[in-house]
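Source file run_22.cif; content: mmCIF, C-alpha atoms.
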```
data_entry
loop_
_atom_site.label_atom_id
_atom_site.label_comp_id
_atom_site.auth_asym_id
_atom_site.auth_seq_id
_atom_site.Cartn_x
_atom_site.Cartn_y
_atom_site.Cartn_z
CA MET A 22 43.75 -63.39 -10.78
CA SER A 23 45.05 -62.81 -14.31
CA ARG A 24 41.69 -63.84 -15.74
CA TYR A 25 39.95 -61.34 -13.45
CA LEU A 26 42.32 -58.56 -14.51
CA GLY A 27 41.78 -59.47 -18.17
CA VAL A 28 38.00 -59.16 -17.78
CA ARG A 29 38.39 -55.82 -16.03
CA VAL A 30 40.70 -54.48 -18.73
CA GLY A 31 38.30 -55.70 -21.43
CA ARG A 32 35.38 -53.87 -19.83
CA VAL A 33 37.37 -50.66 -19.52
CA ARG A 34 38.35 -50.92 -23.20
CA GLU A 35 34.74 -51.50 -24.27
CA GLN A 36 33.55 -48.46 -22.28
CA ALA A 37 36.38 -46.35 -23.66
CA GLY A 38 35.55 -47.60 -27.14
CA LEU A 39 31.91 -46.55 -26.73
CA LEU A 40 32.84 -43.03 -25.62
CA ALA A 41 35.48 -42.69 -28.34
CA GLN A 42 33.08 -43.78 -31.07
CA LEU A 43 30.36 -41.45 -29.79
CA ARG A 44 32.87 -38.63 -30.19
CA ASN A 45 33.96 -39.84 -33.63
CA PRO A 46 31.21 -42.09 -35.05
CA PRO A 47 31.03 -43.56 -38.55
CA GLY A 48 29.94 -40.68 -40.75
CA GLY A 49 32.04 -38.06 -38.98
CA ARG A 50 30.74 -34.67 -37.85
CA ASP A 51 27.25 -35.02 -39.34
CA ALA A 52 26.73 -38.41 -37.71
CA ARG A 53 27.89 -37.02 -34.36
CA ILE A 54 25.36 -34.18 -34.58
CA MET A 55 22.65 -36.63 -35.64
CA LEU A 56 23.35 -38.78 -32.59
CA ARG A 57 22.84 -35.72 -30.39
CA ALA A 58 19.58 -34.92 -32.18
CA LEU A 59 18.44 -38.51 -31.71
CA ALA A 60 19.25 -38.44 -27.98
CA VAL A 61 17.31 -35.18 -27.56
CA ASP A 62 14.35 -36.61 -29.50
CA ARG A 63 14.27 -39.76 -27.36
CA THR A 64 14.52 -37.71 -24.17
CA GLY A 65 11.25 -36.11 -25.23
CA THR A 66 9.85 -39.56 -26.02
CA GLY A 67 10.66 -40.61 -22.46
CA LEU A 68 8.72 -37.61 -21.16
CA TRP A 69 5.72 -38.50 -23.32
CA ALA A 70 5.76 -42.21 -22.50
CA ALA A 71 5.76 -41.54 -18.77
CA SER A 72 3.16 -38.76 -18.74
CA SER A 73 0.80 -39.07 -21.72
CA VAL A 74 -1.78 -41.42 -20.19
CA LEU A 75 -1.92 -39.39 -16.97
CA TYR A 76 -2.22 -36.15 -18.96
CA LEU A 77 -5.07 -37.53 -21.05
CA THR A 78 -6.78 -38.83 -17.91
CA PHE A 79 -6.46 -35.95 -15.45
CA VAL A 80 -6.10 -32.89 -17.70
CA THR A 81 -8.25 -33.64 -20.76
CA HIS A 82 -10.53 -35.98 -18.73
CA LEU A 83 -10.74 -38.76 -21.29
CA SER A 84 -12.12 -42.13 -20.20
CA ALA A 85 -10.01 -45.29 -20.28
CA GLN A 86 -11.93 -46.47 -23.34
CA GLN A 87 -11.31 -43.19 -25.17
CA ILE A 88 -7.60 -43.32 -24.35
CA GLY A 89 -7.44 -46.87 -25.68
CA VAL A 90 -9.13 -45.87 -28.94
CA LEU A 91 -6.92 -42.77 -29.26
CA LEU A 92 -3.63 -44.61 -28.75
CA GLY A 93 -4.74 -47.57 -30.87
CA THR A 94 -5.70 -45.28 -33.75
CA ALA A 95 -2.42 -43.42 -33.36
CA GLY A 96 -0.54 -46.71 -33.56
CA VAL A 97 -2.31 -47.61 -36.80
CA ALA A 98 -1.51 -44.16 -38.22
CA GLY A 99 2.12 -44.70 -37.28
CA ILE A 100 2.27 -47.76 -39.54
CA ALA A 101 1.88 -45.48 -42.57
CA GLY A 102 4.76 -43.26 -41.45
CA SER A 103 7.57 -45.58 -42.53
CA PRO A 104 6.53 -46.28 -46.15
CA LEU A 105 5.51 -42.64 -46.57
CA ALA A 106 8.95 -41.50 -45.42
CA GLY A 107 10.66 -44.03 -47.68
CA ARG A 108 8.61 -42.88 -50.66
CA LEU A 109 9.37 -39.21 -50.04
CA ALA A 110 13.06 -39.96 -49.52
CA THR A 111 13.29 -41.27 -53.07
CA ARG A 112 12.24 -37.84 -54.38
CA PHE A 113 13.46 -35.27 -51.86
CA PRO A 114 16.62 -34.72 -49.75
CA LEU A 115 16.63 -36.44 -46.36
CA ARG A 116 17.68 -33.47 -44.25
CA PRO A 117 14.68 -31.16 -44.91
CA LEU A 118 12.31 -34.12 -44.63
CA LEU A 119 13.63 -34.98 -41.17
CA ILE A 120 13.50 -31.35 -40.08
CA GLY A 121 9.92 -31.28 -41.34
CA CYS A 122 9.03 -34.34 -39.24
CA HIS A 123 10.45 -32.72 -36.10
CA LEU A 124 8.57 -29.47 -36.75
CA LEU A 125 5.36 -31.35 -37.56
CA ARG A 126 5.52 -33.06 -34.17
CA LEU A 127 6.31 -29.74 -32.49
CA VAL A 128 3.06 -28.34 -33.91
CA THR A 129 0.91 -31.38 -33.10
CA LEU A 130 2.19 -31.69 -29.51
CA THR A 131 1.49 -27.99 -29.01
CA LEU A 132 -2.04 -28.61 -30.30
CA VAL A 133 -2.41 -31.46 -27.78
CA LEU A 134 -1.97 -28.84 -25.07
CA LEU A 135 -4.67 -26.66 -26.65
CA CYS A 136 -7.26 -29.32 -27.57
CA THR A 137 -9.84 -30.62 -25.13
CA ARG A 138 -12.26 -32.49 -27.41
CA PHE A 139 -11.68 -36.19 -28.03
CA GLU A 140 -12.15 -35.89 -31.80
CA ALA A 141 -9.50 -33.18 -32.10
CA LEU A 142 -7.05 -35.07 -29.89
CA LEU A 143 -7.61 -38.20 -31.97
CA VAL A 144 -6.39 -36.38 -35.10
CA VAL A 145 -3.40 -34.56 -33.62
CA VAL A 146 -2.07 -37.58 -31.70
CA ALA A 147 -2.45 -39.77 -34.80
CA VAL A 148 -0.47 -37.25 -36.88
CA THR A 149 2.15 -37.12 -34.11
CA TYR A 150 2.63 -40.89 -34.25
CA LEU A 151 2.79 -40.82 -38.05
CA GLY A 152 5.52 -38.17 -37.87
CA ASP A 153 7.33 -40.15 -35.19
CA ARG A 154 7.58 -43.31 -37.31
CA ALA A 155 8.53 -41.28 -40.39
CA ALA A 156 11.31 -39.56 -38.43
CA LYS A 157 12.72 -42.89 -37.22
CA THR A 158 12.86 -44.21 -40.77
CA LEU A 159 14.54 -41.04 -42.04
CA GLU A 160 17.10 -41.23 -39.23
CA MET A 161 18.09 -44.72 -40.29
CA LEU A 162 18.18 -43.75 -43.95
CA PHE A 163 20.52 -40.92 -42.95
CA ALA A 164 22.72 -43.44 -41.14
CA THR A 165 22.67 -45.84 -44.08
CA ARG A 166 23.95 -43.13 -46.41
CA ALA A 167 26.29 -41.30 -44.01
CA ALA A 168 27.94 -44.31 -42.34
CA GLY A 169 28.10 -46.52 -45.45
CA GLU A 170 29.40 -50.01 -44.76
CA ARG A 171 29.88 -49.11 -41.08
CA ARG A 172 26.15 -48.60 -40.62
CA ALA A 173 25.98 -51.49 -38.11
CA ALA A 174 28.40 -49.66 -35.80
CA TYR A 175 26.40 -46.45 -36.20
CA GLN A 176 23.19 -48.35 -35.46
CA ALA A 177 24.73 -49.61 -32.22
CA LEU A 178 25.80 -46.10 -31.21
CA SER A 179 22.37 -44.69 -32.08
CA ARG A 180 20.64 -47.27 -29.89
CA SER A 181 22.97 -46.47 -27.00
CA ALA A 182 22.30 -42.75 -27.41
CA ALA A 183 18.54 -43.31 -27.82
CA ASN A 184 18.24 -45.47 -24.71
CA ALA A 185 20.30 -43.03 -22.65
CA GLY A 186 17.99 -40.22 -23.81
CA TYR A 187 14.87 -42.25 -23.11
CA GLY A 188 16.08 -43.07 -19.62
CA LEU A 189 16.85 -39.41 -18.97
CA GLY A 190 13.39 -38.41 -20.16
CA ALA A 191 11.70 -40.99 -17.95
CA GLY A 192 13.76 -39.79 -14.98
CA LEU A 193 12.82 -36.15 -15.61
CA ALA A 194 9.18 -37.19 -15.97
CA ALA A 195 9.29 -38.78 -12.53
CA ILE A 196 9.91 -35.34 -11.04
CA GLY A 197 6.85 -33.89 -12.75
CA LEU A 198 4.70 -36.90 -11.93
CA ALA A 199 5.66 -36.59 -8.28
CA ALA A 200 4.10 -33.13 -8.28
CA GLY A 201 0.89 -34.62 -9.70
CA THR A 202 -0.63 -31.30 -10.81
CA ALA A 203 -2.20 -30.38 -14.15
CA ASP A 204 0.50 -27.77 -14.73
CA ALA A 205 3.20 -30.38 -14.11
CA TYR A 206 1.64 -32.70 -16.69
CA ARG A 207 1.42 -29.82 -19.18
CA ALA A 208 5.07 -28.98 -18.57
CA LEU A 209 6.09 -32.56 -19.44
CA ILE A 210 4.14 -32.51 -22.71
CA LEU A 211 5.64 -29.10 -23.52
CA GLY A 212 9.09 -30.51 -22.78
CA ASN A 213 8.50 -33.24 -25.36
CA ALA A 214 7.38 -30.65 -27.92
CA LEU A 215 10.46 -28.50 -27.28
CA SER A 216 12.70 -31.54 -27.75
CA PHE A 217 11.56 -31.62 -31.38
CA LEU A 218 12.56 -27.99 -31.84
CA VAL A 219 16.05 -28.68 -30.48
CA ALA A 220 16.35 -31.83 -32.62
CA ALA A 221 15.33 -29.88 -35.74
CA ALA A 222 17.95 -27.21 -34.97
CA LEU A 223 20.63 -29.89 -34.65
CA VAL A 224 19.63 -31.58 -37.92
CA TRP A 225 19.80 -28.14 -39.58
CA ARG A 226 23.53 -28.09 -38.73
CA THR A 227 24.22 -31.30 -40.67
CA GLY A 228 24.83 -31.68 -44.37
CA GLU A 229 22.79 -33.79 -46.73
CA PRO A 230 24.25 -37.33 -46.65
CA GLY A 231 25.50 -38.37 -50.07
CA GLY A 232 26.05 -41.65 -51.82
CA ARG A 233 24.43 -45.04 -51.51
CA VAL A 234 25.44 -48.22 -49.82
CA ALA A 235 27.29 -50.38 -52.26
CA ALA A 236 26.01 -53.85 -53.02
CA THR A 237 27.59 -56.44 -50.78
CA GLY A 238 30.01 -58.91 -52.33
CA PRO A 239 32.39 -58.53 -55.23
CA THR A 240 30.18 -60.42 -57.67
CA ALA A 241 26.78 -59.07 -56.67
CA PRO A 242 24.80 -58.76 -59.93
CA PRO A 243 22.70 -55.70 -60.67
CA VAL A 244 19.24 -56.18 -59.20
CA ARG A 245 16.29 -55.61 -61.44
CA THR A 246 14.15 -53.17 -59.49
CA LYS A 247 10.40 -53.61 -59.35
CA GLY A 248 9.40 -51.82 -56.17
CA PRO A 249 9.00 -53.24 -52.66
CA TRP A 250 5.27 -53.88 -52.95
CA ARG A 251 5.79 -56.30 -55.86
CA ASP A 252 8.89 -57.98 -54.45
CA ARG A 253 7.46 -61.10 -52.81
CA GLY A 254 10.77 -62.16 -51.32
CA TYR A 255 11.25 -58.82 -49.58
CA LEU A 256 7.65 -58.67 -48.42
CA ARG A 257 8.11 -62.15 -46.94
CA PHE A 258 11.12 -60.83 -45.02
CA VAL A 259 9.08 -57.88 -43.70
CA LEU A 260 6.17 -60.14 -42.73
CA LEU A 261 8.45 -62.47 -40.75
CA ASP A 262 10.17 -59.47 -39.19
CA ILE A 263 6.95 -58.54 -37.36
CA PRO A 264 7.22 -61.38 -34.79
CA MET A 265 10.96 -60.67 -34.61
CA ASN A 266 9.99 -57.42 -32.85
CA LEU A 267 7.80 -58.99 -30.16
CA ASP A 268 10.49 -58.47 -27.49
CA ASP A 269 9.23 -54.86 -27.28
CA SER A 270 5.74 -55.92 -26.20
CA VAL A 271 7.01 -58.73 -23.97
CA LEU A 272 9.17 -56.27 -22.04
CA GLY A 273 6.74 -53.34 -21.93
CA VAL A 274 3.43 -55.19 -21.58
CA GLY A 275 3.87 -58.90 -20.93
CA LEU A 276 6.38 -58.82 -18.07
CA PRO A 277 4.65 -56.15 -15.96
CA LEU A 278 1.12 -57.52 -16.40
CA TRP A 279 2.21 -61.12 -15.83
CA LEU A 280 4.03 -60.10 -12.64
CA VAL A 281 1.00 -58.25 -11.30
CA SER A 282 -1.69 -60.73 -12.30
CA ARG A 283 -0.12 -64.19 -12.18
CA THR A 284 2.87 -64.18 -9.78
CA SER A 285 3.58 -63.29 -6.17
CA ALA A 286 6.61 -61.13 -7.02
CA PRO A 287 6.54 -57.61 -5.52
CA HIS A 288 4.95 -54.95 -7.74
CA ALA A 289 7.82 -52.58 -7.00
CA LEU A 290 9.94 -54.78 -9.28
CA VAL A 291 8.21 -53.47 -12.43
CA PRO A 292 10.43 -50.36 -12.89
CA ALA A 293 13.50 -52.60 -12.66
CA PHE A 294 12.62 -54.16 -16.03
CA LEU A 295 13.04 -50.81 -17.80
CA VAL A 296 16.20 -50.03 -15.85
CA ILE A 297 17.75 -53.38 -16.79
CA ASN A 298 16.83 -52.88 -20.42
CA THR A 299 18.16 -49.33 -20.62
CA VAL A 300 21.47 -50.08 -18.89
CA LEU A 301 22.22 -53.25 -20.84
CA VAL A 302 21.42 -51.67 -24.21
CA VAL A 303 23.66 -48.67 -23.48
CA LEU A 304 26.55 -50.87 -22.30
CA LEU A 305 26.33 -53.88 -24.61
CA GLN A 306 24.88 -52.75 -27.93
CA LEU A 307 28.22 -51.79 -29.45
CA THR A 308 29.86 -55.06 -28.37
CA VAL A 309 27.02 -57.21 -29.71
CA SER A 310 27.00 -55.33 -33.00
CA ARG A 311 30.75 -55.76 -33.48
CA ARG A 312 30.43 -59.51 -33.11
CA SER A 313 27.48 -59.74 -35.49
CA GLU A 314 28.67 -57.60 -38.40
CA GLY A 315 28.25 -58.93 -41.92
CA PRO A 316 25.20 -60.24 -43.78
CA HIS A 317 25.42 -63.89 -42.77
CA ARG A 318 26.25 -63.12 -39.15
CA ALA A 319 23.23 -60.81 -39.09
CA ALA A 320 21.08 -63.63 -40.49
CA ARG A 321 22.37 -66.04 -37.84
CA ALA A 322 21.56 -63.46 -35.16
CA VAL A 323 17.89 -63.96 -36.08
CA VAL A 324 18.07 -67.58 -34.92
CA LEU A 325 19.73 -66.54 -31.66
CA TYR A 326 16.91 -64.04 -31.20
CA GLY A 327 14.38 -66.86 -31.47
CA VAL A 328 16.26 -68.98 -28.94
CA LEU A 329 16.54 -66.13 -26.43
CA LEU A 330 12.88 -65.19 -26.71
CA PHE A 331 11.83 -68.84 -26.31
CA VAL A 332 13.85 -69.16 -23.09
CA SER A 333 12.41 -65.85 -21.87
CA CYS A 334 8.87 -67.09 -22.48
CA ALA A 335 9.69 -70.37 -20.71
CA LEU A 336 10.85 -68.41 -17.66
CA LEU A 337 7.62 -66.42 -17.65
CA ALA A 338 5.64 -69.65 -17.80
CA ALA A 339 7.67 -71.09 -14.90
CA SER A 340 7.32 -68.00 -12.68
CA THR A 341 3.72 -68.77 -11.70
CA GLY A 342 4.58 -71.73 -9.50
CA CYS A 343 7.37 -70.02 -7.54
CA GLY A 344 7.56 -68.25 -4.21
CA THR A 345 7.75 -64.48 -3.96
CA TRP A 346 11.51 -64.00 -4.23
CA THR A 347 12.08 -66.94 -6.56
CA ALA A 348 9.47 -65.50 -8.91
CA ALA A 349 11.19 -62.12 -8.67
CA GLY A 350 14.52 -63.68 -9.64
CA VAL A 351 12.97 -65.63 -12.52
CA LEU A 352 11.26 -62.51 -13.90
CA LEU A 353 14.46 -60.45 -13.62
CA ALA A 354 16.30 -63.19 -15.53
CA ALA A 355 13.54 -63.08 -18.17
CA ALA A 356 14.01 -59.31 -18.46
CA VAL A 357 17.74 -59.79 -19.04
CA LEU A 358 17.13 -62.41 -21.75
CA VAL A 359 14.45 -60.33 -23.46
CA THR A 360 16.94 -57.45 -23.56
CA MET A 361 19.60 -59.73 -25.06
CA ALA A 362 17.05 -60.78 -27.68
CA GLU A 363 16.43 -57.09 -28.40
CA LEU A 364 20.17 -56.60 -28.91
CA MET A 365 20.20 -59.45 -31.43
CA ARG A 366 17.17 -58.06 -33.23
CA SER A 367 18.61 -54.56 -33.45
CA VAL A 368 21.71 -56.02 -35.13
CA SER A 369 19.88 -58.18 -37.62
CA SER A 370 16.65 -56.42 -38.54
CA TRP A 371 17.87 -53.17 -40.09
CA GLU A 372 21.11 -54.63 -41.47
CA LEU A 373 19.19 -57.31 -43.35
CA ALA A 374 16.56 -54.81 -44.47
CA VAL A 375 19.36 -52.77 -46.07
CA LEU A 376 21.27 -55.69 -47.60
CA LEU A 377 18.23 -57.44 -49.06
CA ALA A 378 17.00 -54.30 -50.83
CA PRO A 379 18.10 -53.30 -54.35
CA PRO A 380 20.65 -50.45 -54.01
CA ASP A 381 18.75 -48.16 -56.40
CA GLU A 382 15.52 -48.38 -54.37
CA ARG A 383 16.77 -48.67 -50.81
CA ALA A 384 14.79 -45.71 -49.49
CA ALA A 385 11.44 -47.11 -50.67
CA TYR A 386 12.32 -50.64 -49.52
CA LEU A 387 13.46 -49.50 -46.08
CA GLY A 388 10.26 -47.53 -45.69
CA VAL A 389 8.30 -50.74 -46.15
CA ALA A 390 10.65 -52.65 -43.82
CA GLY A 391 10.01 -50.05 -41.12
CA MET A 392 6.36 -51.09 -41.05
CA ALA A 393 7.24 -54.32 -39.21
CA GLN A 394 8.03 -52.53 -35.97
CA SER A 395 4.95 -50.29 -36.24
CA ILE A 396 2.63 -53.24 -36.88
CA GLN A 397 4.08 -55.09 -33.91
CA LYS A 398 3.50 -52.08 -31.66
CA SER A 399 -0.17 -52.13 -32.64
CA ALA A 400 -0.76 -55.89 -32.73
CA GLY A 401 1.69 -57.09 -30.08
CA PRO A 402 -0.03 -55.82 -26.89
CA PRO A 403 -3.50 -57.20 -27.74
CA LEU A 404 -1.89 -60.49 -28.82
CA LEU A 405 -0.18 -60.84 -25.45
CA THR A 406 -3.10 -59.73 -23.29
CA GLY A 407 -5.93 -61.31 -25.28
CA VAL A 408 -4.36 -64.59 -26.39
CA VAL A 409 -1.03 -65.46 -24.76
CA MET A 410 -1.75 -64.42 -21.18
CA ALA A 411 -5.33 -65.65 -21.38
CA ALA A 412 -3.95 -69.13 -22.13
CA GLY A 413 -1.73 -69.05 -19.03
CA PRO A 414 1.77 -70.59 -18.94
CA ALA A 415 0.99 -72.71 -22.01
CA GLY A 416 0.40 -69.50 -23.93
CA TRP A 417 3.92 -68.27 -23.21
CA LEU A 418 5.42 -71.59 -24.25
CA ALA A 419 3.42 -71.57 -27.49
CA LEU A 420 4.50 -68.00 -28.25
CA GLY A 421 8.17 -68.75 -27.62
CA ALA A 422 8.08 -71.88 -29.77
CA ALA A 423 6.30 -70.08 -32.61
CA VAL A 424 8.82 -67.22 -32.64
CA ALA A 425 11.73 -69.69 -32.59
CA VAL A 426 10.32 -71.57 -35.59
CA LEU A 427 9.67 -68.34 -37.49
CA ALA A 428 13.19 -67.16 -36.68
CA VAL A 429 14.64 -70.24 -38.37
CA ALA A 430 12.40 -69.63 -41.38
CA GLN A 431 13.54 -66.01 -41.52
CA GLN A 432 17.22 -66.99 -41.37
CA ARG A 433 16.85 -69.52 -44.17
CA GLY A 434 14.93 -67.10 -46.36
CA CYS A 435 17.55 -64.39 -45.85
CA ALA A 436 20.37 -66.83 -46.60
CA ARG A 437 18.73 -67.86 -49.89
CA ARG A 438 18.19 -64.25 -50.96
CA LEU A 439 21.76 -63.29 -50.04
CA ALA A 440 23.04 -66.24 -52.07
CA SER A 441 20.93 -65.20 -55.06
CA MET A 442 22.47 -61.71 -54.79
CA GLY A 443 25.97 -63.21 -54.94
CA VAL A 444 26.91 -62.49 -51.32
CA PRO A 445 29.66 -64.96 -50.31
CA GLU A 446 29.22 -67.21 -47.27
CA ALA A 447 32.70 -66.42 -45.93
CA GLU A 448 32.95 -63.02 -44.31
CA PRO A 449 36.15 -61.14 -43.50
CA GLN A 450 37.22 -61.15 -39.88
CA PRO A 451 37.11 -57.76 -38.20
CA ALA A 452 40.51 -56.11 -37.88
CA ARG A 453 42.06 -56.28 -34.44
CA GLN A 454 42.52 -53.03 -32.64
#
```
Conversion result in structure tokens:
Amino acid sequence: MSRYLGVRVGRVREQAGLLAQLRNPPGGRDARIMLRALAVDRTGTGLWAASSVLYLTFVTHLSAQQIGVLLGTAGVAGIAGSPLAGRLATRFPLRPLLIGCHLLRLVTLTLVLLCTRFEALLVVVAVTYLGDRAAKTLEMLFATRAAGERRAAYQALSRSAANAGYGLGAGLAAIGLAAGTADAYRALILGNALSFLVAAALVWRTGEPGGRVAATGPTAPPVRTKGPWRDRGYLRFVLLDIPMNLDDSVLGVGLPLWLVSRTSAPHALVPAFLVINTVLVVLLQLTVSRRSEGPHRAARAVVLYGVLLFVSCALLAASTGCGTWTAAGVLLAAAVLVTMAELMRSVSSWELAVLLAPPDERAAYLGVAGMAQSIQKSAGPPLLTGVVMAAGPAGWLALGAAVAVLAVAQQRGCARRLASMGVPEAEPQPARQ
């Protein structure tokens, strides 16, 4: 009984802690406003994600092949958004750059509503995706400067706010999609465009974040800067970070398609994957981040990511030989584990990208680091559909094993670089509340 009460009290404290930190996040007033802007932005993203393909199909009358080319080209354009934002952030203030990204997307989404030709849509959607990736990089640069050494806690809060906004947007989109009319689809796209206007207005209310993140460790020597594109060690980190983002494609592409094509689980289970992911990220991100703070804990989280994704892939491989409800349970368990892997990745990826970069060139370095997620979004889906799923259960096992091995390589590489920067192995224990 006492153990049960202790668990209940712990959950209440965690929930209260989440709400309290959302009201008073690291970085103070500006960070609180930025979290609101981020939630509004992601609400619009939820509207777009749920309605864009249907809009392009039934309103602009593009073929499936044209939609594939359009979204694929947009994904490639998005890869350039992160390094471009990082480069600009070394020369110009963050706040007007982020406002500019929001307004750029407002214009391009409005043009989507006005364009009917494939060639014109190809350009405006590509620019939209470029602005989207640039905005995400600038948001994290803002957090790095505003929250300082508590950036991991801010990152956790931002993910909770972003997932809550995304879920709200998807829920609102369901109302419009139920109507199924061209005007309803246009209203959803317009809603996404207006979300950028509101986000820009909120960012306008913030101040320019000042200062830089101090080098970690009392004896960290000054790093001789040479730029991210000539820093082989950092580029190796970014290259290995690409497969450390595959949970996104496994959850959004692999799980649904595998369920439909290779298992007897009910198709109505597909929306549950997104619901599980959204709820767990909102509830658990702060807790996971607290227990993984510090450079070496973040590096160890990479290995845990590899383990979780391997087990998830093993469950997917095993689901083909199960009955209907057993397969459903196995796939739901895989969705939970993929989400836990995502929580580990969100702790480690950005924190290590910050810590491994020279303090004087963090903006440019983080712009390059942001490419990993964009590249995965472009390469991950065709990898899963064209290689992994085509190979059957063995393909999932091979993918999981490969990611686990690469995760160990990533952890060792990060540990060596941290040691060369003078970061001590022992990390201070977090203060008890």
Open item on the list: For the PyMOL selection byres ((chain A and resi 427-439) around 9), applied here, can you spell out every residue it catches as a ChimeraX atom specification?
Closed with: /A:254-255,257-258,261-262,264-265,316-317,319-328,373,376-377,422-426,440-446
Go through region 139-239 of chain A and flag each residue having an atom no more than 12 Å from region 75-93 of chain A; for those, report the closest pair of atoms plus their distance in Å to one decimal, using only C-alpha atoms, ordered by chain and rising number, as a tab-separated table.
```
residue	atom	partner	partner_atom	distance
A:Phe139	CA	A:Leu83	CA	7.3
A:Glu140	CA	A:Leu91	CA	9.0
A:Ala141	CA	A:Leu91	CA	10.3
A:Leu142	CA	A:Leu91	CA	7.7
A:Leu143	CA	A:Leu91	CA	5.4
A:Val144	CA	A:Leu91	CA	8.7
A:Val145	CA	A:Leu91	CA	9.9
A:Val146	CA	A:Leu91	CA	7.5
A:Ala147	CA	A:Leu91	CA	7.7
A:Val148	CA	A:Leu91	CA	11.4
A:Thr149	CA	A:Leu92	CA	10.9
A:Tyr150	CA	A:Leu92	CA	9.1
A:Leu151	CA	A:Leu92	CA	11.9
A:Ala194	CA	A:Leu75	CA	11.4
A:Gly197	CA	A:Leu75	CA	11.2
A:Leu198	CA	A:Leu75	CA	8.7
A:Ala199	CA	A:Leu75	CA	11.9
A:Gly201	CA	A:Leu75	CA	9.1
A:Thr202	CA	A:Phe79	CA	8.8
A:Ala203	CA	A:Val80	CA	5.8
A:Asp204	CA	A:Val80	CA	8.9
A:Ala205	CA	A:Tyr76	CA	9.3
A:Tyr206	CA	A:Tyr76	CA	5.7
A:Arg207	CA	A:Tyr76	CA	7.3
A:Ala208	CA	A:Tyr76	CA	10.2
A:Leu209	CA	A:Tyr76	CA	9.1
A:Ile210	CA	A:Tyr76	CA	8.2
A:Leu211	CA	A:Tyr76	CA	11.5
```
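On the file presented, the PyMOL selection byres ((chain A and resi 50) around 12) picks out Gln42, Leu43, Arg44, Asn45, Pro46, Pro47, Gly48, Gly49, Asp51, Ala52, Arg53, Ile54, Met55, Leu56, Arg57, Ala167, Ala168, Leu223, Val224, Arg226, Thr227, Gly228, Glu229 and Pro230 of chain A.
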Keeping only C-alpha atoms, take the residues you just selected and write them out as a compact mmCIF listing (two decimals), in the frame of the given file.
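For reference, result08.txt as written:
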```
# COMPACT_ATOMS: atom_id res chain seq x y z
CA GLN A 42 33.08 -43.78 -31.07
CA LEU A 43 30.36 -41.45 -29.79
CA ARG A 44 32.87 -38.63 -30.19
CA ASN A 45 33.96 -39.84 -33.63
CA PRO A 46 31.21 -42.09 -35.05
CA PRO A 47 31.03 -43.56 -38.55
CA GLY A 48 29.94 -40.68 -40.75
CA GLY A 49 32.04 -38.06 -38.98
CA ASP A 51 27.25 -35.02 -39.34
CA ALA A 52 26.73 -38.41 -37.71
CA ARG A 53 27.89 -37.02 -34.36
CA ILE A 54 25.36 -34.18 -34.58
CA MET A 55 22.65 -36.63 -35.64
CA LEU A 56 23.35 -38.78 -32.59
CA ARG A 57 22.84 -35.72 -30.39
CA ALA A 167 26.29 -41.30 -44.01
CA ALA A 168 27.94 -44.31 -42.34
CA LEU A 223 20.63 -29.89 -34.65
CA VAL A 224 19.63 -31.58 -37.92
CA ARG A 226 23.53 -28.09 -38.73
CA THR A 227 24.22 -31.30 -40.67
CA GLY A 228 24.83 -31.68 -44.37
CA GLU A 229 22.79 -33.79 -46.73
CA PRO A 230 24.25 -37.33 -46.65
```
Open item on the list: Could you check the closest approach to Leu301 (chain A) for each of A:Met361, A:Ala354, A:Cys122, A:Val97 and tell me which residue wins, using all atoms listed in the file?
Closed with: A:Met361
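The spacing separating CA of Arg108 (chain A) from CA of Asp268 (chain A) amounts to 28.0 Å.
The space between CA of Gly212 (chain A) and CA of Leu68 (chain A) spans 7.3 Å.
This file, queried with the PyMOL selection byres ((chain A and resi 287-293) around 9), gives the residues Leu276, Pro277, Leu280, Val281, Thr284, Ser285, Ala286, Phe294, Leu295, Val296, Ile297, Asn298, Thr345, Trp346, Ala349, Leu353 and Ala356 of chain A.
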Open item on the list: Just the number, please: distance in Å from CA of Val128 (chain A) to CA of Trp69 (chain A), one decimal.
Closed with: 14.9 Å
Wanna dump the region 328-381 of chain A-region 173-192 of chain A contacts at 10 Å for me, each residue with its shortest atom pair and the distance in Å to one decimal, counting all atoms listed in the file, ordered by chain and number, as JSON lines?
```
{"residue": "A:Leu364", "atom": "CA", "partner": "A:Ala177", "partner_atom": "CA", "distance": 9.0}
{"residue": "A:Ser367", "atom": "CA", "partner": "A:Ala177", "partner_atom": "CA", "distance": 8.0}
{"residue": "A:Val368", "atom": "CA", "partner": "A:Ala173", "partner_atom": "CA", "distance": 6.9}
{"residue": "A:Ser369", "atom": "CA", "partner": "A:Ala173", "partner_atom": "CA", "distance": 9.1}
{"residue": "A:Trp371", "atom": "CA", "partner": "A:Ala173", "partner_atom": "CA", "distance": 8.5}
{"residue": "A:Glu372", "atom": "CA", "partner": "A:Ala173", "partner_atom": "CA", "distance": 6.7}
```
Go ahead and save the residues from that selection, with C-alpha atoms, as a short mmCIF file (atom, residue, chain, number, x, y, z; two decimals), keeping the file's coordinate frame.
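See selection_29.cif below for the written result:
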```cif
data_model
loop_
_atom_site.label_atom_id
_atom_site.label_comp_id
_atom_site.auth_asym_id
_atom_site.auth_seq_id
_atom_site.Cartn_x
_atom_site.Cartn_y
_atom_site.Cartn_z
CA LEU A 364 20.17 -56.60 -28.91
CA SER A 367 18.61 -54.56 -33.45
CA VAL A 368 21.71 -56.02 -35.13
CA SER A 369 19.88 -58.18 -37.62
CA TRP A 371 17.87 -53.17 -40.09
CA GLU A 372 21.11 -54.63 -41.47
#
```
